[in-house]
>>> print(open('coords-v6.cif').read())   # mmCIF, C-alpha atoms and all ligand atoms
data_target
#
loop_
_atom_site.label_atom_id
_atom_site.label_comp_id
_atom_site.auth_asym_id
_atom_site.auth_seq_id
_atom_site.Cartn_x
_atom_site.Cartn_y
_atom_site.Cartn_z
CA MET K 266 -5.15 -0.30 4.25
CA GLU K 267 -4.27 2.52 1.93
CA HIS K 268 -2.86 1.35 -1.38
CA THR K 269 0.25 3.38 -0.68
CA PHE K 270 0.93 1.27 2.43
CA TRP K 271 1.31 -1.86 0.28
CA LEU K 272 3.10 -0.19 -2.60
CA ASP K 273 5.57 1.17 -0.07
CA ARG K 274 6.07 -2.28 1.44
CA TRP K 275 6.95 -3.69 -1.98
CA GLN K 276 9.17 -0.73 -2.83
CA LYS K 277 11.15 -1.22 0.39
CA SER K 278 11.07 -5.03 0.08
CA GLU K 279 9.41 -5.25 3.50
CA ILE K 280 7.55 -8.42 2.61
CA GLY K 281 7.74 -10.53 5.75
CA PHE K 282 4.45 -12.13 4.67
CA HIS K 283 6.08 -13.77 1.64
CA GLN K 284 6.80 -17.48 2.09
CA ALA K 285 9.59 -19.33 0.32
CA VAL K 286 7.36 -22.35 -0.22
CA ALA K 287 3.67 -22.96 -0.78
CA HIS K 288 1.41 -22.95 2.28
CA ASP K 289 1.09 -26.42 3.78
CA PHE K 290 -2.72 -26.08 4.05
CA LEU K 291 -2.75 -26.28 0.25
CA GLU K 292 -0.98 -29.65 0.37
CA ARG K 293 -3.31 -30.95 3.04
CA HIS K 294 -6.70 -29.54 2.15
CA TRP K 295 -6.87 -28.58 -1.52
CA SER K 296 -7.90 -32.05 -2.68
CA ALA K 297 -10.83 -32.02 -0.21
CA LEU K 298 -12.32 -29.10 -2.12
CA GLY K 299 -12.78 -31.22 -5.27
CA VAL K 300 -11.71 -28.49 -7.69
CA PRO K 301 -11.47 -30.01 -11.19
CA LYS K 302 -7.83 -30.43 -12.21
CA ALA K 303 -7.73 -28.10 -15.19
CA ALA K 304 -9.94 -25.42 -13.62
CA GLU K 305 -8.91 -21.81 -13.26
CA VAL K 306 -8.22 -20.73 -9.69
CA LEU K 307 -8.47 -17.20 -8.31
CA VAL K 308 -5.74 -16.09 -5.90
CA PRO K 309 -6.82 -12.69 -4.50
CA LEU K 310 -4.07 -10.31 -3.32
CA CYS K 311 -1.52 -12.74 -4.66
CA GLY K 312 1.78 -10.95 -4.06
CA LYS K 313 4.45 -13.17 -5.64
CA SER K 314 3.29 -16.18 -3.72
CA ASN K 315 4.58 -19.69 -4.30
CA ASP K 316 1.00 -20.89 -3.74
CA MET K 317 0.38 -19.91 -7.36
CA VAL K 318 3.21 -22.18 -8.48
CA TRP K 319 1.81 -25.04 -6.40
CA LEU K 320 -1.60 -24.57 -8.02
CA ALA K 321 -0.10 -24.45 -11.52
CA ASP K 322 1.99 -27.55 -10.76
CA HIS K 323 -1.29 -29.26 -9.86
CA GLY K 324 -2.83 -28.54 -13.25
CA HIS K 325 -4.61 -25.23 -12.64
CA SER K 326 -4.36 -21.96 -14.46
CA VAL K 327 -4.13 -19.07 -12.04
CA ILE K 328 -5.80 -15.66 -11.99
CA GLY K 329 -4.05 -13.47 -9.43
CA THR K 330 -4.91 -9.93 -8.38
CA GLU K 331 -2.26 -7.64 -6.94
CA LEU K 332 -1.81 -3.91 -6.42
CA ALA K 333 1.96 -3.84 -6.86
CA GLN K 334 3.29 -4.29 -10.39
CA SER K 335 6.73 -4.92 -8.86
CA ALA K 336 5.37 -8.02 -7.08
CA ILE K 337 4.08 -9.33 -10.39
CA ASP K 338 7.33 -8.48 -12.18
CA GLN K 339 9.32 -10.28 -9.47
CA PHE K 340 7.05 -13.33 -9.68
CA PHE K 341 7.72 -13.76 -13.39
CA ALA K 342 11.40 -12.78 -13.25
CA GLU K 343 12.08 -15.32 -10.49
CA ARG K 344 10.64 -18.01 -12.80
CA PHE K 345 12.50 -16.76 -15.89
CA ARG K 346 9.23 -16.01 -17.64
CA THR K 347 8.58 -12.96 -19.79
CA PRO K 348 4.91 -12.07 -19.61
CA ALA K 349 2.88 -10.30 -22.27
CA ALA K 350 1.09 -7.32 -20.73
CA VAL K 351 -2.17 -5.71 -21.84
CA ASN K 352 -4.35 -3.03 -20.31
CA GLN K 353 -7.86 -4.14 -19.48
CA ALA K 354 -10.18 -1.56 -17.90
CA VAL K 355 -8.35 -0.30 -14.77
CA PHE K 356 -5.95 -3.27 -14.71
CA THR K 357 -2.73 -4.26 -16.41
CA VAL K 358 -2.79 -7.99 -17.03
CA SER K 359 0.51 -9.86 -17.29
CA ARG K 360 0.24 -13.31 -18.82
CA ALA K 361 2.75 -16.12 -19.20
CA GLY K 362 2.15 -19.87 -19.17
CA PRO K 363 -0.61 -20.77 -16.69
CA TYR K 364 -0.55 -17.36 -14.97
CA ALA K 365 -2.67 -14.25 -15.59
CA LEU K 366 -1.80 -11.64 -12.96
CA TRP K 367 -4.08 -8.62 -12.81
CA CYS K 368 -2.38 -5.52 -11.44
CA GLY K 369 -4.88 -3.16 -9.81
CA ASP K 370 -7.42 -2.98 -6.99
CA HIS K 371 -8.92 -6.43 -6.41
CA LEU K 372 -12.16 -4.75 -5.31
CA ALA K 373 -12.54 -3.35 -8.85
CA LEU K 374 -12.28 -6.73 -10.60
CA ASP K 375 -15.17 -7.48 -12.95
CA PRO K 376 -16.90 -10.80 -12.07
CA ALA K 377 -16.83 -11.60 -15.81
CA VAL K 378 -13.10 -12.28 -15.35
CA THR K 379 -13.73 -15.08 -12.85
CA ARG K 380 -16.91 -16.58 -14.28
CA ARG K 381 -15.15 -19.83 -15.19
CA ILE K 382 -13.10 -20.35 -12.01
CA GLY K 383 -13.36 -23.67 -10.23
CA GLY K 384 -11.81 -22.57 -6.95
CA VAL K 385 -10.30 -19.77 -4.88
CA PHE K 386 -7.28 -19.78 -2.56
CA ASP K 387 -7.08 -17.00 0.02
CA ARG K 388 -3.93 -16.84 2.12
CA ALA K 389 -3.12 -13.45 3.65
CA ALA K 390 -5.79 -11.65 1.60
CA LEU K 391 -8.79 -11.38 3.98
CA VAL K 392 -6.41 -10.93 6.92
CA ALA K 393 -4.66 -8.10 5.03
CA MET K 394 -7.92 -6.13 5.20
CA PRO K 395 -8.65 -3.93 8.23
CA HIS K 396 -11.92 -4.57 10.06
CA THR K 397 -13.76 -1.81 8.17
CA MET K 398 -12.87 -3.36 4.79
CA GLN K 399 -13.52 -7.01 5.62
CA GLN K 400 -17.23 -7.11 4.75
CA THR K 401 -16.54 -5.33 1.46
CA TYR K 402 -13.86 -7.94 0.71
CA ALA K 403 -16.23 -10.80 1.64
CA ASP K 404 -19.01 -9.37 -0.55
CA LYS K 405 -16.57 -9.02 -3.44
CA LEU K 406 -15.46 -12.62 -2.99
CA ALA K 407 -19.10 -13.67 -3.20
CA ALA K 408 -19.55 -11.61 -6.37
CA LEU K 409 -16.45 -13.18 -7.96
CA THR K 410 -17.25 -16.78 -7.01
CA PRO K 411 -19.82 -18.69 -9.10
CA SER K 412 -22.42 -20.79 -7.30
CA GLY K 413 -21.10 -24.16 -6.06
CA VAL K 414 -17.44 -23.12 -6.29
CA PRO K 415 -15.26 -23.67 -3.18
CA VAL K 416 -12.80 -21.33 -1.49
CA LEU K 417 -9.91 -22.49 0.70
CA LEU K 418 -9.51 -19.67 3.23
CA VAL K 419 -6.60 -19.39 5.64
CA SER K 420 -7.36 -17.20 8.66
CA LEU K 421 -5.40 -16.11 11.70
CA ASP K 422 -6.61 -15.24 15.15
CA TYR K 423 -4.75 -13.57 17.99
CA ASP K 424 -5.22 -11.10 20.83
CA PRO K 425 -5.36 -7.67 19.11
CA SER K 426 -3.86 -5.97 22.18
CA GLU K 427 -0.55 -7.77 21.42
CA MET K 428 -0.02 -6.47 17.88
CA ASP K 429 -1.40 -4.10 15.27
CA GLY K 430 -2.30 -5.64 11.91
CA PRO K 431 -1.82 -6.46 9.15
CA PRO K 432 -2.33 -9.34 9.39
CA PHE K 433 -5.59 -8.63 11.23
CA PRO K 434 -7.19 -11.21 13.56
CA ILE K 435 -10.28 -13.04 12.31
CA SER K 436 -12.12 -15.12 14.91
CA PRO K 437 -14.29 -18.09 13.90
CA GLY K 438 -17.33 -15.95 14.78
CA ARG K 439 -16.08 -13.26 12.43
CA VAL K 440 -15.72 -15.80 9.58
CA ASN K 441 -19.33 -16.71 10.16
CA GLU K 442 -20.43 -13.07 10.26
CA LEU K 443 -18.60 -12.23 7.03
CA PHE K 444 -19.42 -15.26 4.91
CA SER K 445 -22.45 -17.23 6.15
CA ARG K 446 -24.97 -15.34 4.03
CA ASP K 447 -23.27 -16.30 0.76
CA PHE K 448 -21.20 -19.40 1.60
CA ARG K 449 -21.58 -22.73 3.39
CA ILE K 450 -18.73 -22.85 5.89
CA THR K 451 -16.69 -25.81 7.16
CA LEU K 452 -13.69 -25.56 9.49
CA LEU K 453 -11.06 -27.96 8.11
CA GLU K 454 -8.23 -27.40 10.58
CA LYS K 455 -7.28 -25.24 13.53
CA ARG K 456 -3.75 -25.24 14.89
CA ASP K 457 -1.20 -23.29 16.87
CA GLY K 458 0.52 -21.10 14.28
CA LEU K 459 3.04 -19.24 16.44
CA ASN K 460 6.10 -21.43 15.99
CA ALA K 461 5.86 -21.18 12.22
CA SER K 462 5.55 -17.36 12.40
CA GLN K 463 8.82 -16.00 13.76
CA ASN K 464 7.97 -12.71 12.06
CA LEU K 465 4.76 -12.31 14.14
CA LYS K 466 6.46 -13.57 17.30
CA ASN K 467 9.02 -10.81 16.85
CA ARG K 468 6.16 -8.32 16.61
CA GLY K 469 4.89 -9.35 20.06
CA LEU K 470 2.47 -12.23 19.63
CA THR K 471 2.48 -14.85 22.37
CA ALA K 472 -0.33 -16.94 20.86
CA LEU K 473 -1.63 -17.42 17.34
CA GLN K 474 -4.29 -19.70 15.91
CA GLU K 475 -4.19 -20.57 12.24
CA MET K 476 -7.32 -21.97 10.60
CA ALA K 477 -8.22 -23.53 7.26
CA TRP K 478 -11.82 -23.09 6.09
CA LYS K 479 -13.78 -24.50 3.20
CA LEU K 480 -16.35 -21.99 1.97
CA VAL K 481 -18.72 -23.10 -0.78
CA ARG K 482 -20.60 -20.39 -2.65
CA ARG K 483 -24.36 -20.89 -2.23
C1 LIG K 501 -0.18 -9.83 3.12
S1 LIG K 501 0.21 -9.76 1.43
C2 LIG K 501 -0.15 -11.42 0.92
C3 LIG K 501 0.38 -11.77 -0.44
C4 LIG K 501 0.17 -13.25 -0.82
N1 LIG K 501 -1.20 -13.66 -0.72
C5 LIG K 501 1.07 -14.14 0.00
O1 LIG K 501 0.54 -15.04 0.67
O2 LIG K 501 2.29 -13.94 -0.03
C6 LIG K 501 -1.14 -8.85 0.79
C7 LIG K 501 -0.93 -8.46 -0.67
O3 LIG K 501 -2.11 -7.86 -1.17
C8 LIG K 501 -1.78 -6.74 -1.97
N2 LIG K 501 -2.98 -5.89 -1.88
C9 LIG K 501 -3.40 -5.19 -0.81
N3 LIG K 501 -4.57 -4.58 -1.07
C10 LIG K 501 -4.90 -4.92 -2.34
C11 LIG K 501 -6.01 -4.62 -3.20
N4 LIG K 501 -7.00 -3.82 -2.78
N5 LIG K 501 -6.02 -5.15 -4.44
C12 LIG K 501 -5.02 -5.96 -4.87
N6 LIG K 501 -3.94 -6.27 -4.10
C13 LIG K 501 -3.88 -5.76 -2.86
C14 LIG K 501 -0.52 -6.18 -1.37
O4 LIG K 501 0.26 -5.46 -2.28
C15 LIG K 501 0.19 -7.46 -0.91
O5 LIG K 501 1.05 -7.96 -1.89
#
>>> encode(input="coords-v6.cif", output="C-alpha cells")
Amino acid sequence: MEHTFWLDRWQKSEIGFHQAVAHDFLERHWSALGVPKAAEVLVPLCGKSNDMVWLADHGHSVIGTELAQSAIDQFFAERFRTPAAVNQAVFTVSRAGPYALWCGDHLALDPAVTRRIGGVFDRAALVAMPHTMQQTYADKLAALTPSGVPVLLVSLDYDPSEMDGPPFPISPGRVNELFSRDFRITLLEKRDGLNASQNLKNRGLTALQEMAWKLVRR
C-alpha cells in the first residue's frame, strides 16, 4: 500500500485492525518458539499493538517499526510513558522502558538494528502488504532475522472475491512460496477466524481461516 494510505488511516483513527488485548496466539504459541526470556523481539509494522506490552510483560525488550508517528505517540501516551526521541538515518526512534519504536519505512531498516534479536512477532504485518510487496517483505524479514531465530507469524486466508485487502489473504502455499528458501516452516495452528473478526464480517467475509506459523531462519 502507499504510505499515505496508512498515514491517512491513523489520522482518521480508522484502525479497525487494532486489538484491545494481545493476540491469543501469543499466549498459546510463544513459549513453543523457545525465545530466551530477556531477548529483544522485533515487531514489524507494530501500530500501537498490545502484543508489544505482552512481550514486554514476558521479559522481552521490543523493537517495533511503524510508519505513523501518531501510532507511536498514542502507544506511549496510553501507557503514561514519555519517550526520548532521536533521529537515526531515515528513522525517528522513540525509546521508553523496554520499547524502542522506529518510525519510518520498515523496508528501510538496517539489519544492524536487529542483529541481537531472539525472536519476531508478525501479526497484521505480512497481511498488510499487497501481493506485489509480499516477497519484498519476506526477503526483508530474512535479512533482519539472524540464523536460528524464530518468527511467530499470524496469517489470514479468505476468498479474495469477497473482500479487498488489507488484510490480504495468504494461503498456506503462499507462505511456503514466500518463506521456504530462507526459513524452516511449521504450521502451529489453523482455525476458523470469522467469529472473532466482526470487522471483516462486516466487510463481506463469509469464511476466514487464521493460522499461526513458526518460521525459523535457516
Ligand atoms: C494492519 S496494521 C497492524 C498493526 C499492528 N501489527 C497490530 O496488530 O495492530 C499495519 C500497520 O503497519 C504500518 N505500516 C504499513 N506499511 C508500513 C511500512 N512500510 N513500514 C512501517 N510501518 C508500516 C501501518 O501504519 C499500520 O499501523
>>> residues_near_ligand(input="coords-v6.cif", ligand="ligand LIG 501 (chain K)", cutoff="7 Å", atoms="all atoms listed in the file", output="PyMOL selection string")
chain K and resi 266+268+271-272+275+282-284+309-314+330-333+336+369-372+387-390+393+432
>>> residues_around(input="coords-v6.cif", residues="Gln334 in chain K", least_positions_apart="4", cutoff="9 Å", atoms="only C-alpha atoms", output="mmCIF file with C-alpha atoms, in the frame of the given file")
data_model
loop_
_atom_site.group_PDB
_atom_site.id
_atom_site.type_symbol
_atom_site.label_atom_id
_atom_site.label_comp_id
_atom_site.auth_asym_id
_atom_site.auth_seq_id
_atom_site.Cartn_x
_atom_site.Cartn_y
_atom_site.Cartn_z
ATOM 1 C CA LEU K 272 3.100 -0.190 -2.600
ATOM 2 C CA ASP K 338 7.330 -8.480 -12.180
ATOM 3 C CA GLN K 339 9.320 -10.280 -9.470
ATOM 4 C CA THR K 357 -2.730 -4.260 -16.410
ATOM 5 C CA TRP K 367 -4.080 -8.620 -12.810
ATOM 6 C CA CYS K 368 -2.380 -5.520 -11.440
ATOM 7 C CA GLY K 369 -4.880 -3.160 -9.810
#
>>> residues_around(input="coords-v6.cif", residues="Ser445 in chain K", least_positions_apart="6", cutoff="12 Å", atoms="all atoms listed in the file", output="VMD selection string")
chain K and resid 400 403 to 404 407 437 to 439 451 479 to 483
>>> closest_atom_pairs(input="coords-v6.cif", of="range 310-421 of chain K", to="range 458-461 of chain K", cutoff="12 Å", atoms="all atoms listed in the file", output="CSV")
residue,atom,partner,partner_atom,distance
K:Val419,CA,K:Gly458,CA,11.3
K:Ser420,CA,K:Gly458,CA,10.4
K:Leu421,CA,K:Gly458,CA,8.2
>>> axis_aligned_box(input="coords-v6.cif", around="range 398-407 of chain K", padding_each_side="5 Å", output="AutoDock Vina command-line options")
--center_x -16.0 --center_y -8.5 --center_z 1.1 --size_x 16.2 --size_y 20.3 --size_z 19.1
>>> residues_around(input="coords-v6.cif", residues="Trp295 in chain K", least_positions_apart="3", cutoff="10 Å", atoms="only C-alpha atoms", output="JSON, numbers by chain")
{"K": [289, 290, 291, 292, 298, 299, 300, 320, 384, 386, 415, 416, 417, 479]}
>>> write_last_selection(input="coords-v6.cif", atoms="C-alpha atoms", output="CSV table (one decimal), in the coordinates of the input")
chain,number,residue,atom,x,y,z
K,289,ASP,CA,1.1,-26.4,3.8
K,290,PHE,CA,-2.7,-26.1,4.0
K,291,LEU,CA,-2.8,-26.3,0.2
K,292,GLU,CA,-1.0,-29.6,0.4
K,298,LEU,CA,-12.3,-29.1,-2.1
K,299,GLY,CA,-12.8,-31.2,-5.3
K,300,VAL,CA,-11.7,-28.5,-7.7
K,320,LEU,CA,-1.6,-24.6,-8.0
K,384,GLY,CA,-11.8,-22.6,-7.0
K,386,PHE,CA,-7.3,-19.8,-2.6
K,415,PRO,CA,-15.3,-23.7,-3.2
K,416,VAL,CA,-12.8,-21.3,-1.5
K,417,LEU,CA,-9.9,-22.5,0.7
K,479,LYS,CA,-13.8,-24.5,3.2
>>> closest_residue(input="coords-v6.cif", among="K:Tyr423, K:Val351, K:Val440, K:Gly430", to="Asp457 in chain K", atoms="all atoms listed in the file")
K:Tyr423
>>> atom_distance(input="coords-v6.cif", atom1="CA of Leu470 in chain K", atom2="CA of His288 in chain K")
20.4 Å
>>> atom_distance(input="coords-v6.cif", atom1="CA of Leu418 in chain K", atom2="CA of Phe448 in chain K")
11.8 Å
>>> closest_residue(input="coords-v6.cif", among="K:Leu452, K:Ala373, K:Ala342, K:Leu406", to="Val355 in chain K", atoms="all atoms listed in the file")
K:Ala373
>>> closest_residue(input="coords-v6.cif", among="K:Ala477, K:Val327, K:Met398, K:Ala297", to="Ser359 in chain K", atoms="only C-alpha atoms")
K:Val327
>>> residues_around(input="coords-v6.cif", residues="Asp322 in chain K", least_positions_apart="5", cutoff="10 Å", atoms="all atoms listed in the file", output="PyMOL selection string")
chain K and resi 316-317+363
>>> atom_distance(input="coords-v6.cif", atom1="CA of Arg360 in chain K", atom2="CA of Asp273 in chain K")
24.3 Å
>>> residues_near_point(input="coords-v6.cif", point="(-15.1, -12.7, -10.1)", cutoff="7 Å", atoms="only C-alpha atoms", output="PyMOL selection string")
chain K and resi 374-380+408-410
>>> closest_residue(input="coords-v6.cif", among="K:Phe433, K:Ala365, K:Phe356, K:Phe345", to="Thr397 in chain K", atoms="only C-alpha atoms")
K:Phe433
>>> closest_residue(input="coords-v6.cif", among="K:Ala285, K:Val306, K:Ala350, K:Gln276", to="Ser335 in chain K", atoms="all atoms listed in the file")
K:Gln276
>>> build_atoms(input="coords-v6.cif", residues="range 272-283 of chain K", atoms="all heavy atoms", output="PDB file, in the frame of the given file")
ATOM      1  N   LEU K 272       2.123  -0.513  -1.545  1.00  0.00           N
ATOM      2  CA  LEU K 272       3.100  -0.190  -2.600  1.00  0.00           C
ATOM      3  C   LEU K 272       4.449   0.147  -1.963  1.00  0.00           C
ATOM      4  O   LEU K 272       5.518  -0.247  -2.443  1.00  0.00           O
ATOM      5  CB  LEU K 272       2.580   0.972  -3.460  1.00  0.00           C
ATOM      6  CG  LEU K 272       1.282   0.648  -4.217  1.00  0.00           C
ATOM      7  CD1 LEU K 272       0.738   1.880  -4.938  1.00  0.00           C
ATOM      8  CD2 LEU K 272       1.497  -0.499  -5.209  1.00  0.00           C
ATOM      9  N   ASP K 273       4.378   0.831  -0.834  1.00  0.00           N
ATOM     10  CA  ASP K 273       5.570   1.170  -0.070  1.00  0.00           C
ATOM     11  C   ASP K 273       6.297  -0.079   0.446  1.00  0.00           C
ATOM     12  O   ASP K 273       7.523  -0.156   0.419  1.00  0.00           O
ATOM     13  CB  ASP K 273       5.090   1.998   1.127  1.00  0.00           C
ATOM     14  CG  ASP K 273       6.054   3.071   1.471  1.00  0.00           C
ATOM     15  OD1 ASP K 273       6.475   3.764   0.544  1.00  0.00           O
ATOM     16  OD2 ASP K 273       6.386   3.185   2.684  1.00  0.00           O
ATOM     17  N   ARG K 274       5.481  -1.025   0.929  1.00  0.00           N
ATOM     18  CA  ARG K 274       6.070  -2.280   1.440  1.00  0.00           C
ATOM     19  C   ARG K 274       6.863  -2.977   0.328  1.00  0.00           C
ATOM     20  O   ARG K 274       7.959  -3.481   0.546  1.00  0.00           O
ATOM     21  CB  ARG K 274       4.976  -3.218   1.964  1.00  0.00           C
ATOM     22  CG  ARG K 274       4.220  -2.723   3.179  1.00  0.00           C
ATOM     23  CD  ARG K 274       4.999  -2.869   4.466  1.00  0.00           C
ATOM     24  NE  ARG K 274       5.254  -4.247   4.839  1.00  0.00           N
ATOM     25  CZ  ARG K 274       4.518  -4.979   5.661  1.00  0.00           C
ATOM     26  NH1 ARG K 274       3.447  -4.458   6.213  1.00  0.00           N
ATOM     27  NH2 ARG K 274       4.855  -6.226   5.956  1.00  0.00           N
ATOM     28  N   TRP K 275       6.268  -3.020  -0.858  1.00  0.00           N
ATOM     29  CA  TRP K 275       6.950  -3.690  -1.980  1.00  0.00           C
ATOM     30  C   TRP K 275       8.175  -2.880  -2.405  1.00  0.00           C
ATOM     31  O   TRP K 275       9.228  -3.450  -2.704  1.00  0.00           O
ATOM     32  CB  TRP K 275       5.986  -3.906  -3.150  1.00  0.00           C
ATOM     33  CG  TRP K 275       5.137  -5.119  -2.923  1.00  0.00           C
ATOM     34  CD1 TRP K 275       3.836  -5.135  -2.486  1.00  0.00           C
ATOM     35  CD2 TRP K 275       5.530  -6.496  -3.064  1.00  0.00           C
ATOM     36  NE1 TRP K 275       3.402  -6.436  -2.357  1.00  0.00           N
ATOM     37  CE2 TRP K 275       4.421  -7.287  -2.702  1.00  0.00           C
ATOM     38  CE3 TRP K 275       6.702  -7.130  -3.465  1.00  0.00           C
ATOM     39  CZ2 TRP K 275       4.446  -8.680  -2.739  1.00  0.00           C
ATOM     40  CZ3 TRP K 275       6.748  -8.520  -3.497  1.00  0.00           C
ATOM     41  CH2 TRP K 275       5.623  -9.276  -3.128  1.00  0.00           C
ATOM     42  N   GLN K 276       8.046  -1.564  -2.405  1.00  0.00           N
ATOM     43  CA  GLN K 276       9.170  -0.730  -2.830  1.00  0.00           C
ATOM     44  C   GLN K 276      10.364  -0.912  -1.906  1.00  0.00           C
ATOM     45  O   GLN K 276      11.512  -0.957  -2.333  1.00  0.00           O
ATOM     46  CB  GLN K 276       8.713   0.727  -2.873  1.00  0.00           C
ATOM     47  CG  GLN K 276       9.431   1.514  -3.956  1.00  0.00           C
ATOM     48  CD  GLN K 276       9.682   2.938  -3.530  1.00  0.00           C
ATOM     49  OE1 GLN K 276       8.912   3.495  -2.726  1.00  0.00           O
ATOM     50  NE2 GLN K 276      10.739   3.524  -4.049  1.00  0.00           N
ATOM     51  N   LYS K 277      10.067  -1.062  -0.585  1.00  0.00           N
ATOM     52  CA  LYS K 277      11.150  -1.220   0.390  1.00  0.00           C
ATOM     53  C   LYS K 277      11.507  -2.680   0.625  1.00  0.00           C
ATOM     54  O   LYS K 277      12.316  -2.992   1.504  1.00  0.00           O
ATOM     55  CB  LYS K 277      10.732  -0.594   1.724  1.00  0.00           C
ATOM     56  CG  LYS K 277      10.542   0.902   1.650  1.00  0.00           C
ATOM     57  CD  LYS K 277      10.075   1.423   3.013  1.00  0.00           C
ATOM     58  CE  LYS K 277       9.897   2.921   3.007  1.00  0.00           C
ATOM     59  NZ  LYS K 277       8.919   3.362   4.031  1.00  0.00           N
ATOM     60  N   SER K 278      10.858  -3.582  -0.119  1.00  0.00           N
ATOM     61  CA  SER K 278      11.070  -5.030   0.080  1.00  0.00           C
ATOM     62  C   SER K 278      10.795  -5.465   1.518  1.00  0.00           C
ATOM     63  O   SER K 278      11.479  -6.344   2.041  1.00  0.00           O
ATOM     64  CB  SER K 278      12.496  -5.448  -0.310  1.00  0.00           C
ATOM     65  OG  SER K 278      12.573  -5.558  -1.687  1.00  0.00           O
ATOM     66  N   GLU K 279       9.811  -4.828   2.144  1.00  0.00           N
ATOM     67  CA  GLU K 279       9.410  -5.250   3.500  1.00  0.00           C
ATOM     68  C   GLU K 279       8.249  -6.225   3.362  1.00  0.00           C
ATOM     69  O   GLU K 279       7.083  -5.879   3.545  1.00  0.00           O
ATOM     70  CB  GLU K 279       9.017  -4.019   4.332  1.00  0.00           C
ATOM     71  CG  GLU K 279      10.217  -3.155   4.677  1.00  0.00           C
ATOM     72  CD  GLU K 279       9.838  -1.834   5.330  1.00  0.00           C
ATOM     73  OE1 GLU K 279       8.641  -1.568   5.542  1.00  0.00           O
ATOM     74  OE2 GLU K 279      10.773  -1.061   5.621  1.00  0.00           O
ATOM     75  N   ILE K 280       8.589  -7.450   2.964  1.00  0.00           N
ATOM     76  CA  ILE K 280       7.550  -8.420   2.610  1.00  0.00           C
ATOM     77  C   ILE K 280       7.695  -9.667   3.484  1.00  0.00           C
ATOM     78  O   ILE K 280       7.815 -10.789   2.981  1.00  0.00           O
ATOM     79  CB  ILE K 280       7.573  -8.751   1.102  1.00  0.00           C
ATOM     80  CG1 ILE K 280       8.980  -9.173   0.618  1.00  0.00           C
ATOM     81  CG2 ILE K 280       7.097  -7.553   0.291  1.00  0.00           C
ATOM     82  CD1 ILE K 280       8.987  -9.753  -0.791  1.00  0.00           C
ATOM     83  N   GLY K 281       7.645  -9.430   4.778  1.00  0.00           N
ATOM     84  CA  GLY K 281       7.740 -10.530   5.750  1.00  0.00           C
ATOM     85  C   GLY K 281       6.641 -11.568   5.574  1.00  0.00           C
ATOM     86  O   GLY K 281       6.781 -12.704   6.029  1.00  0.00           O
ATOM     87  N   PHE K 282       5.555 -11.180   4.909  1.00  0.00           N
ATOM     88  CA  PHE K 282       4.450 -12.130   4.670  1.00  0.00           C
ATOM     89  C   PHE K 282       4.793 -13.160   3.601  1.00  0.00           C
ATOM     90  O   PHE K 282       4.161 -14.206   3.520  1.00  0.00           O
ATOM     91  CB  PHE K 282       3.184 -11.365   4.251  1.00  0.00           C
ATOM     92  CG  PHE K 282       3.401 -10.410   3.092  1.00  0.00           C
ATOM     93  CD1 PHE K 282       3.462 -10.869   1.784  1.00  0.00           C
ATOM     94  CD2 PHE K 282       3.565  -9.053   3.319  1.00  0.00           C
ATOM     95  CE1 PHE K 282       3.682  -9.999   0.725  1.00  0.00           C
ATOM     96  CE2 PHE K 282       3.786  -8.171   2.260  1.00  0.00           C
ATOM     97  CZ  PHE K 282       3.851  -8.652   0.964  1.00  0.00           C
ATOM     98  N   HIS K 283       5.788 -12.861   2.759  1.00  0.00           N
ATOM     99  CA  HIS K 283       6.080 -13.770   1.640  1.00  0.00           C
ATOM    100  C   HIS K 283       6.729 -15.052   2.157  1.00  0.00           C
ATOM    101  O   HIS K 283       7.625 -15.006   2.998  1.00  0.00           O
ATOM    102  CB  HIS K 283       7.019 -13.091   0.636  1.00  0.00           C
ATOM    103  CG  HIS K 283       7.379 -13.982  -0.501  1.00  0.00           C
ATOM    104  ND1 HIS K 283       6.464 -14.371  -1.465  1.00  0.00           N
ATOM    105  CD2 HIS K 283       8.542 -14.617  -0.807  1.00  0.00           C
ATOM    106  CE1 HIS K 283       7.047 -15.201  -2.316  1.00  0.00           C
ATOM    107  NE2 HIS K 283       8.304 -15.357  -1.936  1.00  0.00           N
TER     108      HIS K 283
END
